[in-house]
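*Asks:* This is the structure I have questions about; it appears just below.
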Amino acid sequence: MGALVTLDLPDDSPMLGLPWIITFGPLGDDEWEPVVCGPYERPHALALAEAVVAEEQLMAVVEPLLPALTPEEIRGEIAAAQIAAEDEAAQVDQADLYGDFEDVIDEELELAAEREPEPAAPPSRDEVRAGLARIAGLLTSRGA
């Protein structure tokens, strides 16, 4: 069994409506170029990734595809990611002032494993194609 990594988003996150991609890569000592698939709607991406990693020692990263239209939009996304990383590093530094939280991390992982839903069945070819049509409509209407 492989590993699946994705963002844990609230139910009202606007990112849920974006197209999503899956990047499959080696899990372990194998070395090969990652394979990127998509775009898909998020539920389809998750189900497809789960179906593949359930049977093979692979890592699948499911992430949103940001449909930026200009270099300025791309720069804005990069700046936002850099600021978020700096904020996270500052939070980690502050947490270190108050002690070691290894025990808390183990508890959080156990809680996450308990509430993890059953894997969804992979979508059919027709469902994926319908999702691709919806994504195409979303991408072509953006900025219009």
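The chains in the structure tokens are called A, B, ... from first to last as shown; in each chain the residues are counted from 1, and the ligands are counted from 1 in the order shown.
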What's around Ala121 in chain A at 9 Å? Count only C-alpha atoms, leave out sequence neighbours fewer than 4 positions away in its own chain, and write the answer as a ChimeraX atom specification.
*Replies:* /A:47-48,50-51
*Asks:* Quick one: residues within 10 Å of Pro123 in chain A, only C-alpha atoms counted, chain neighbours fewer than 4 positions away excluded, as a list in words?
*Replies:* Pro43, His44, Ala45, Leu46, Ala47, Leu48, Ala51, Glu127, Val128, Arg129 and Gly131 of chain A
*Asks:* Write the residues of the preceding selection, restricted to N, CA, C and O atoms, as a PDB file, in the first residue's frame.
*Replies:*
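Generated output (out-v1.pdb):
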```pdb
ATOM      1  N   PRO A  43     -13.091  15.228  -5.964  1.00  0.00           N
ATOM      2  CA  PRO A  43     -13.478  13.857  -5.585  1.00  0.00           C
ATOM      3  C   PRO A  43     -12.943  12.802  -6.544  1.00  0.00           C
ATOM      4  O   PRO A  43     -12.538  11.717  -6.124  1.00  0.00           O
ATOM      5  N   HIS A  44     -12.899  13.127  -7.838  1.00  0.00           N
ATOM      6  CA  HIS A  44     -12.356  12.179  -8.816  1.00  0.00           C
ATOM      7  C   HIS A  44     -10.858  11.997  -8.598  1.00  0.00           C
ATOM      8  O   HIS A  44     -10.351  10.872  -8.657  1.00  0.00           O
ATOM      9  N   ALA A  45     -10.144  13.078  -8.356  1.00  0.00           N
ATOM     10  CA  ALA A  45      -8.699  12.990  -8.139  1.00  0.00           C
ATOM     11  C   ALA A  45      -8.396  12.126  -6.914  1.00  0.00           C
ATOM     12  O   ALA A  45      -7.511  11.264  -6.958  1.00  0.00           O
ATOM     13  N   LEU A  46      -9.124  12.369  -5.830  1.00  0.00           N
ATOM     14  CA  LEU A  46      -8.890  11.580  -4.617  1.00  0.00           C
ATOM     15  C   LEU A  46      -9.187  10.098  -4.841  1.00  0.00           C
ATOM     16  O   LEU A  46      -8.406   9.234  -4.430  1.00  0.00           O
ATOM     17  N   ALA A  47     -10.308   9.804  -5.487  1.00  0.00           N
ATOM     18  CA  ALA A  47     -10.688   8.408  -5.714  1.00  0.00           C
ATOM     19  C   ALA A  47      -9.696   7.701  -6.630  1.00  0.00           C
ATOM     20  O   ALA A  47      -9.320   6.545  -6.380  1.00  0.00           O
ATOM     21  N   LEU A  48      -9.256   8.373  -7.694  1.00  0.00           N
ATOM     22  CA  LEU A  48      -8.277   7.767  -8.599  1.00  0.00           C
ATOM     23  C   LEU A  48      -6.948   7.523  -7.880  1.00  0.00           C
ATOM     24  O   LEU A  48      -6.338   6.454  -8.004  1.00  0.00           O
ATOM     25  N   ALA A  51      -7.231   4.600  -5.499  1.00  0.00           N
ATOM     26  CA  ALA A  51      -7.269   3.316  -6.204  1.00  0.00           C
ATOM     27  C   ALA A  51      -5.870   2.875  -6.639  1.00  0.00           C
ATOM     28  O   ALA A  51      -5.533   1.691  -6.553  1.00  0.00           O
ATOM     29  N   GLU A 127     -17.646   9.428 -15.987  1.00  0.00           N
ATOM     30  CA  GLU A 127     -17.673  10.424 -14.904  1.00  0.00           C
ATOM     31  C   GLU A 127     -16.470  11.357 -14.987  1.00  0.00           C
ATOM     32  O   GLU A 127     -16.596  12.566 -14.801  1.00  0.00           O
ATOM     33  N   VAL A 128     -15.298  10.792 -15.286  1.00  0.00           N
ATOM     34  CA  VAL A 128     -14.094  11.623 -15.422  1.00  0.00           C
ATOM     35  C   VAL A 128     -14.247  12.567 -16.607  1.00  0.00           C
ATOM     36  O   VAL A 128     -13.932  13.758 -16.512  1.00  0.00           O
ATOM     37  N   ARG A 129     -14.755  12.074 -17.727  1.00  0.00           N
ATOM     38  CA  ARG A 129     -14.943  12.929 -18.904  1.00  0.00           C
ATOM     39  C   ARG A 129     -15.932  14.055 -18.614  1.00  0.00           C
ATOM     40  O   ARG A 129     -15.734  15.195 -19.036  1.00  0.00           O
ATOM     41  N   GLY A 131     -16.464  15.361 -15.701  1.00  0.00           N
ATOM     42  CA  GLY A 131     -15.724  16.284 -14.838  1.00  0.00           C
ATOM     43  C   GLY A 131     -14.773  17.161 -15.629  1.00  0.00           C
ATOM     44  O   GLY A 131     -14.651  18.357 -15.373  1.00  0.00           O
TER      45      GLY A 131
END
```
*Asks:* Rank A:Gly137, A:Pro39, A:Pro64, A:Glu55 by their smallest atom-to-atom distance to Pro14 in chain A, using only C-alpha atoms, and report the top residue only.
*Replies:* A:Pro64
*Asks:* Residues near Val36 in chain A, anyone? I mean within 8 Å using only C-alpha atoms, not counting same-chain ones fewer than 5 positions away, as a list of chain:residue names.
*Replies:*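 Residues meeting the cut-off are A:Ile21, A:Ile22, A:Thr23, A:Phe24.
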*Asks:* Pick from A:Leu9, A:Val92, A:Gly17, A:Gln57: nearest to Asp29 in chain A, with only C-alpha atoms counted?
*Replies:*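 Among the listed residues, A:Gln57 lies closest to Asp29 in chain A.
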*Asks:* What residues in chain A get the DSSP label strand (DSSP E or B)? Please answer as an MDAnalysis selection string.
*Replies:* chainID A and resid 3:6 20:26 35:40 58:64
*Asks:* Could you tell me how far CA of Tyr40 in chain A lies from CA of Trp20 in chain A, in Å and to one decimal?
*Replies:*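 Between these atoms lies a distance of 5.1 Å.
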